[in-house]
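K.L.:
Mind looking over this structure? Questions follow.
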Amino acid sequence: MKNIRTIVFCLLVLAFASCERIVSDKNAPDNPVNVFEYLWDKVDTQYSFFDIKGIDWDSIHQVYRPKVYDEMTDDSLFNVCAAMINTLKDGHTNLFSDFNISHSDSMFYLMMEGSQLDANVVEANYLTPYGYTTGSFKHNFIRNGEVAYIRYSSFGNEISDADLLFVMDRYKDCKGLIIDLRDNGGGSSANLNKLLSIFDNHGQELFKSQIKSGPGHDEFTDYRTVYAADSSFLGKDKPYIKPVAVLVDRGSFSATSFFSVATQAYDNIKLYGDYTGGGMGMPNGGALPNGWTYRFSITRTIALDGGNYENGVPPDVRVLLDRDLAAQGIDNIIETAADWIVQ
C-alpha cells in the first residue's frame, strides 16, 4: 500500500510538473498591464516558497507595476516580467516568449561561482588515460584500486540497467565508491531512482512532499511520503552496503538535491563538498493572455531530518576545493572522501 501511495503521488506531481498545462483566460485582455497583473497573481496564488525565500510578494508588485504601461514594447514588457519573477531566486522559474527565455540570474551566478569542480583536474588525474566511459558514467579505480571513482554529470543522461550493472560489477572488490555529482544540474527522476536502486532499499521513507492547493501562501495538500522501492536493482540479497561518498556543490541542482536528501535514508552514504544549489520544488505553469508561457515551483519537500532544503542541502562533511592543490592536479574533495572510505 505504501508503494501505491508513493506512485500515485509521484504521478500526480509529474502530471502537474513535467509539462506546463497551457491554460489561460482567452477572454482576458492581452495588453501589457493585464499580462503583468495576470502573471503576478498566478505567482501569488500558486508559488510554494515565499516563506522559505523570505519574499514579500506585495512589495514586489509595488516595485515592478509602475514600470508597466500599455504603450510599451513586447521586449520591454518581457524584461519587466522576467525581472519580477527572478526575485524568487528559483532556478525552476522561467518566462517563455517567441523571442526569449528568462532564467534566474541569481541561481545562475550561485551555481557558477559556487562550483567546487575543476573538470580539467578530474579528467587529467582521476579519469584518463585509463578510465572507462560506460553510457552516462565516467569511472576509474583510484587509491591503488581500493576506491572506485564514478562521475555522473547530469540526471538528464539516461542510466541503463546494463551500464549500471557493468559499473557495479567492475568495482565490487573496492572498499567503497565515490559518486561525483558536482555541477550536476538535475534531470529525470527515473535516473535518480535508478541510481538509488543500487543501495539497501527495503521500503524505507526517503522524504515527504506536498503540492500547493489554494490561493493562500500557506495552503498546501497534506504531506505525502515517498518511499524507496522494496528491492534493490541488484537484488535484495546484493545491495551495495560498503561506504559511499557522494560529492555535491552549488552546481548540484533539482534532481541532484532530491538525491542528496534521499541519502539520509542510508547509513553507508555521506555527502561531501558544499551545499547543493537547492531546487526542491517541482515546477508547473501556464499561458499568459498574450500567449507567453511561464513556470515556477508549486511543491515543496521535507527531508527525514525535518529540513526544508529548497535553498540547498547541507553536506555531511563540508570541504571546499583548494585551488592551490587543484593547480597541482589534486582534488582535495575527492581525496577527503577517499580517506574516509579507506580508513
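Residue names in the C-alpha cells use chain letters A, B, ... in the order shown, residue numbers from 1 in each chain, and ligand numbers from 1 in the order shown.
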Compile the contact shell of Arg323 (chain A) as a list of chain:residue names: residues with an atom at most 10 Å away, counting only C-alpha atoms, same-chain residues fewer than 3 positions apart removed.

P.N.:
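Surrounding residues, per the criterion: A:Gln116, A:Leu117, A:Asp118, A:Leu320, A:Ala326, A:Ala327, A:Gln328, A:Gly329, A:Ile330, A:Asp331, A:Asn332.
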
K.L.:
Mind checking which residues fall within 10 Å of region 67-77 of chain A, counting only C-alpha atoms, ignoring those fewer than 3 positions away in the same chain, and posting them as a list in words?

P.N.:
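Final neighbour list, sorted by chain and number: Asp30, Asn31, Pro32, Val33, Asn34, Val35, Phe36, Glu37, Gln62, Val63, Tyr64, Val80, Cys81, Ala82, Ala83, Ser97, Phe99, Asn100 and Asn290 of chain A.
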
K.L.:
Which of region 255-292 of chain A counts as helix (DSSP H, G or I) under DSSP, as a PDB file with N, CA, C and O atoms, in the first residue's frame please?

P.N.:
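Contents of the output file result.pdb:
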```
ATOM      1  N   ALA A 255      17.092  17.549  -9.316  1.00  0.00           N
ATOM      2  CA  ALA A 255      17.117  16.107  -9.044  1.00  0.00           C
ATOM      3  C   ALA A 255      18.319  15.718  -8.192  1.00  0.00           C
ATOM      4  O   ALA A 255      18.242  14.780  -7.395  1.00  0.00           O
ATOM      5  N   THR A 256      19.432  16.449  -8.326  1.00  0.00           N
ATOM      6  CA  THR A 256      20.608  16.136  -7.516  1.00  0.00           C
ATOM      7  C   THR A 256      20.370  16.492  -6.058  1.00  0.00           C
ATOM      8  O   THR A 256      20.857  15.801  -5.152  1.00  0.00           O
ATOM      9  N   SER A 257      19.617  17.556  -5.801  1.00  0.00           N
ATOM     10  CA  SER A 257      19.249  17.878  -4.421  1.00  0.00           C
ATOM     11  C   SER A 257      18.300  16.837  -3.859  1.00  0.00           C
ATOM     12  O   SER A 257      18.414  16.445  -2.685  1.00  0.00           O
ATOM     13  N   PHE A 258      17.354  16.355  -4.664  1.00  0.00           N
ATOM     14  CA  PHE A 258      16.461  15.289  -4.212  1.00  0.00           C
ATOM     15  C   PHE A 258      17.264  14.027  -3.878  1.00  0.00           C
ATOM     16  O   PHE A 258      17.015  13.363  -2.869  1.00  0.00           O
ATOM     17  N   PHE A 259      18.230  13.690  -4.731  1.00  0.00           N
ATOM     18  CA  PHE A 259      19.080  12.539  -4.459  1.00  0.00           C
ATOM     19  C   PHE A 259      19.846  12.742  -3.155  1.00  0.00           C
ATOM     20  O   PHE A 259      19.956  11.827  -2.331  1.00  0.00           O
ATOM     21  N   SER A 260      20.355  13.951  -2.949  1.00  0.00           N
ATOM     22  CA  SER A 260      21.130  14.249  -1.739  1.00  0.00           C
ATOM     23  C   SER A 260      20.278  14.096  -0.489  1.00  0.00           C
ATOM     24  O   SER A 260      20.730  13.550   0.520  1.00  0.00           O
ATOM     25  N   VAL A 261      19.051  14.578  -0.532  1.00  0.00           N
ATOM     26  CA  VAL A 261      18.140  14.423   0.593  1.00  0.00           C
ATOM     27  C   VAL A 261      17.827  12.948   0.838  1.00  0.00           C
ATOM     28  O   VAL A 261      17.784  12.486   1.980  1.00  0.00           O
ATOM     29  N   ALA A 262      17.623  12.199  -0.247  1.00  0.00           N
ATOM     30  CA  ALA A 262      17.275  10.777  -0.108  1.00  0.00           C
ATOM     31  C   ALA A 262      18.392   9.984   0.553  1.00  0.00           C
ATOM     32  O   ALA A 262      18.129   8.965   1.199  1.00  0.00           O
ATOM     33  N   THR A 263      19.644  10.427   0.434  1.00  0.00           N
ATOM     34  CA  THR A 263      20.743   9.670   1.033  1.00  0.00           C
ATOM     35  C   THR A 263      20.657   9.632   2.556  1.00  0.00           C
ATOM     36  O   THR A 263      21.323   8.802   3.187  1.00  0.00           O
ATOM     37  N   GLN A 264      19.847  10.495   3.161  1.00  0.00           N
ATOM     38  CA  GLN A 264      19.669  10.439   4.616  1.00  0.00           C
ATOM     39  C   GLN A 264      19.081   9.100   5.060  1.00  0.00           C
ATOM     40  O   GLN A 264      19.206   8.725   6.222  1.00  0.00           O
ATOM     41  N   ALA A 265      18.455   8.374   4.142  1.00  0.00           N
ATOM     42  CA  ALA A 265      17.837   7.088   4.483  1.00  0.00           C
ATOM     43  C   ALA A 265      18.835   5.930   4.483  1.00  0.00           C
ATOM     44  O   ALA A 265      18.455   4.805   4.795  1.00  0.00           O
TER      45      ALA A 265
END
```

K.L.:
So how far away is CA of Ile179 (chain A) from CA of Pro243 (chain A), in Å?

P.N.:
10.9 Å

K.L.:
To one decimal in Å, tell me the separation between CA of Ile241 (chain A) and CA of Asn268 (chain A).

P.N.:
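About the pair CA of Ile241 (chain A) and CA of Asn268 (chain A): they are 6.2 Å apart.
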
K.L.:
When you draw a straight line from CA of Arg300 (chain A) to CA of Asp218 (chain A), how long is it in Å?

P.N.:
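CA of Asp218 (chain A) lies at a distance of 11.4 Å from CA of Arg300 (chain A).
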
K.L.:
Closest to Phe108 (chain A) among A:Thr133, A:Thr336, A:Thr225, A:Ser252, using only C-alpha atoms?

P.N.:
A:Ser252

K.L.:
Quick one: residues within 10 Å of Ser189 (chain A), only C-alpha atoms counted, chain neighbours fewer than 2 positions away excluded, as a JSON list (two decimals) with C-alpha atoms, in the first residue's frame?

P.N.:
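The result, written out as around-v8.json:
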```json
[["chain", "number", "residue", "atom", "x", "y", "z"],
["A", 10, "CYS", "CA", 4.66, 10.94, -7.90],
["A", 14, "LEU", "CA", 4.61, 14.74, -12.67],
["A", 155, "PHE", "CA", 20.49, 13.24, -14.24],
["A", 156, "GLY", "CA", 19.31, 14.16, -17.72],
["A", 186, "GLY", "CA", 19.42, 17.73, -12.36],
["A", 187, "GLY", "CA", 17.17, 15.98, -14.87],
["A", 191, "ASN", "CA", 17.51, 8.25, -13.45],
["A", 192, "LEU", "CA", 17.54, 9.38, -9.82],
["A", 193, "ASN", "CA", 15.57, 6.29, -8.81],
["A", 194, "LYS", "CA", 17.80, 4.04, -10.91],
["A", 195, "LEU", "CA", 20.93, 5.32, -9.16],
["A", 254, "SER", "CA", 16.99, 19.93, -8.66],
["A", 255, "ALA", "CA", 17.12, 16.11, -9.04],
["A", 256, "THR", "CA", 20.61, 16.14, -7.52],
["A", 258, "PHE", "CA", 16.46, 15.29, -4.21],
["A", 259, "PHE", "CA", 19.08, 12.54, -4.46]]
```

K.L.:
Can you pull out the residues contacting Tyr275 (chain A)? Cut-off 10 Å, using only C-alpha atoms, and skip same-chain residues under 2 positions away; I want them as an mmCIF file with N, CA, C and O atoms, in the first residue's frame.

P.N.:
```
data_model
loop_
_atom_site.group_PDB
_atom_site.id
_atom_site.type_symbol
_atom_site.label_atom_id
_atom_site.label_comp_id
_atom_site.auth_asym_id
_atom_site.auth_seq_id
_atom_site.Cartn_x
_atom_site.Cartn_y
_atom_site.Cartn_z
ATOM 1 N N GLY A 114 29.712 29.079 -7.227
ATOM 2 C CA GLY A 114 29.814 28.115 -6.145
ATOM 3 C C GLY A 114 30.325 26.756 -6.570
ATOM 4 O O GLY A 114 30.362 25.826 -5.759
ATOM 5 N N VAL A 248 28.946 16.818 -3.833
ATOM 6 C CA VAL A 248 27.979 17.808 -4.300
ATOM 7 C C VAL A 248 28.554 19.208 -4.116
ATOM 8 O O VAL A 248 29.489 19.424 -3.346
ATOM 9 N N ASP A 249 27.934 20.161 -4.817
ATOM 10 C CA ASP A 249 28.306 21.569 -4.657
ATOM 11 C C ASP A 249 27.121 22.427 -5.079
ATOM 12 O O ASP A 249 26.029 21.918 -5.315
ATOM 13 N N ARG A 250 27.328 23.738 -5.177
ATOM 14 C CA ARG A 250 26.237 24.647 -5.526
ATOM 15 C C ARG A 250 25.701 24.412 -6.931
ATOM 16 O O ARG A 250 24.599 24.829 -7.257
ATOM 17 N N GLY A 251 26.483 23.748 -7.761
ATOM 18 C CA GLY A 251 26.004 23.403 -9.092
ATOM 19 C C GLY A 251 25.155 22.153 -9.128
ATOM 20 O O GLY A 251 24.636 21.780 -10.178
ATOM 21 N N SER A 252 24.978 21.503 -7.977
ATOM 22 C CA SER A 252 24.145 20.297 -7.870
ATOM 23 C C SER A 252 22.712 20.740 -7.580
ATOM 24 O O SER A 252 22.393 21.142 -6.471
ATOM 25 N N SER A 257 19.617 17.556 -5.801
ATOM 26 C CA SER A 257 19.249 17.878 -4.421
ATOM 27 C C SER A 257 18.300 16.837 -3.859
ATOM 28 O O SER A 257 18.414 16.445 -2.685
ATOM 29 N N SER A 260 20.355 13.951 -2.949
ATOM 30 C CA SER A 260 21.130 14.249 -1.739
ATOM 31 C C SER A 260 20.278 14.096 -0.489
ATOM 32 O O SER A 260 20.730 13.550 0.520
ATOM 33 N N LEU A 271 27.488 12.750 2.329
ATOM 34 C CA LEU A 271 27.654 13.822 1.354
ATOM 35 C C LEU A 271 28.919 14.604 1.683
ATOM 36 O O LEU A 271 29.116 15.033 2.830
ATOM 37 N N TYR A 272 29.743 14.823 0.663
ATOM 38 C CA TYR A 272 30.971 15.609 0.809
ATOM 39 C C TYR A 272 30.922 16.791 -0.157
ATOM 40 O O TYR A 272 30.390 16.679 -1.267
ATOM 41 N N GLY A 273 31.498 17.910 0.256
ATOM 42 C CA GLY A 273 31.580 19.074 -0.607
ATOM 43 C C GLY A 273 30.904 20.267 0.010
ATOM 44 O O GLY A 273 31.087 20.577 1.192
ATOM 45 N N GLY A 277 22.686 23.347 -4.778
ATOM 46 C CA GLY A 277 22.015 24.550 -5.247
ATOM 47 C C GLY A 277 20.540 24.600 -4.910
ATOM 48 O O GLY A 277 19.866 25.585 -5.220
ATOM 49 N N GLY A 278 20.015 23.554 -4.262
ATOM 50 C CA GLY A 278 18.590 23.533 -3.907
ATOM 51 C C GLY A 278 17.743 23.094 -5.088
ATOM 52 O O GLY A 278 18.075 22.172 -5.824
ATOM 53 N N TYR A 309 15.050 22.077 2.364
ATOM 54 C CA TYR A 309 16.337 22.456 1.792
ATOM 55 C C TYR A 309 16.199 23.025 0.386
ATOM 56 O O TYR A 309 17.063 22.798 -0.463
ATOM 57 N N ASN A 311 16.784 25.925 -0.469
ATOM 58 C CA ASN A 311 17.922 26.812 -0.718
ATOM 59 C C ASN A 311 19.269 26.082 -0.705
ATOM 60 O O ASN A 311 20.303 26.725 -0.854
ATOM 61 N N GLY A 312 19.247 24.751 -0.527
ATOM 62 C CA GLY A 312 20.495 23.997 -0.567
ATOM 63 C C GLY A 312 20.565 22.923 0.492
ATOM 64 O O GLY A 312 20.333 23.189 1.669
ATOM 65 N N VAL A 313 20.880 21.703 0.078
ATOM 66 C CA VAL A 313 21.045 20.580 1.000
ATOM 67 C C VAL A 313 22.453 20.644 1.599
ATOM 68 O O VAL A 313 23.436 20.712 0.860
ATOM 69 N N PRO A 314 22.574 20.618 2.930
ATOM 70 C CA PRO A 314 23.906 20.694 3.528
ATOM 71 C C PRO A 314 24.657 19.374 3.391
ATOM 72 O O PRO A 314 24.060 18.301 3.482
ATOM 73 N N PRO A 315 25.968 19.428 3.184
ATOM 74 C CA PRO A 315 26.757 18.193 3.144
ATOM 75 C C PRO A 315 26.968 17.653 4.553
ATOM 76 O O PRO A 315 26.887 18.395 5.536
ATOM 77 N N ASP A 316 27.242 16.370 4.665
ATOM 78 C CA ASP A 316 27.634 15.799 5.958
ATOM 79 C C ASP A 316 29.031 16.271 6.353
ATOM 80 O O ASP A 316 29.310 16.499 7.530
ATOM 81 N N VAL A 317 29.904 16.389 5.359
ATOM 82 C CA VAL A 317 31.268 16.870 5.586
ATOM 83 C C VAL A 317 31.507 18.006 4.602
ATOM 84 O O VAL A 317 31.582 17.777 3.386
ATOM 85 N N ARG A 318 31.613 19.236 5.124
ATOM 86 C CA ARG A 318 31.806 20.376 4.231
ATOM 87 C C ARG A 318 33.300 20.554 3.950
ATOM 88 O O ARG A 318 34.096 20.775 4.854
ATOM 89 N N VAL A 319 33.642 20.457 2.678
ATOM 90 C CA VAL A 319 35.020 20.647 2.257
ATOM 91 C C VAL A 319 35.001 21.320 0.886
ATOM 92 O O VAL A 319 34.331 20.852 -0.036
#
```

K.L.:
Let me make sure I understand: among A:Asn86, A:Lys212, A:Glu205, A:Thr134, which one has the smallest atom-to-atom distance to Asn284 (chain A) if we use only C-alpha atoms?

P.N.:
A:Lys212

K.L.:
Looking at A:Leu164, A:Tyr109, A:Arg182, A:Arg151, which one is nearest to Leu127 (chain A), with distances taken over only C-alpha atoms?

P.N.:
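Distance minimum relative to Leu127 (chain A) lands on A:Arg151.
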
K.L.:
Pick out each residue of region 75-226 of chain A that DSSP on the backbone tags as strand (DSSP E); I need them as a PyMOL selection string.

P.N.:
chain A and resi 94-96+132-134+137-142+147-152+176-180+205-211+224-226

K.L.:
If you count only C-alpha atoms, which residues fall within 7 Å of region 44-46 of chain A, apart from same-chain ones fewer than 3 positions away, as a list in words?

P.N.:
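My reading of the contact set: Trp40, Asp41, Trp57, Lys212, Gly214, Pro215, Gly216, His217 and Ile298 of chain A.
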
K.L.:
Looking at A:Ser297, A:Ser136, A:Asn144, A:Gln204, which one is nearest to Ala162 (chain A), with distances taken over only C-alpha atoms?

P.N.:
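Going through A:Ser297, A:Ser136, A:Asn144, A:Gln204 one by one, the smallest distance to Ala162 (chain A) is for A:Ser136.
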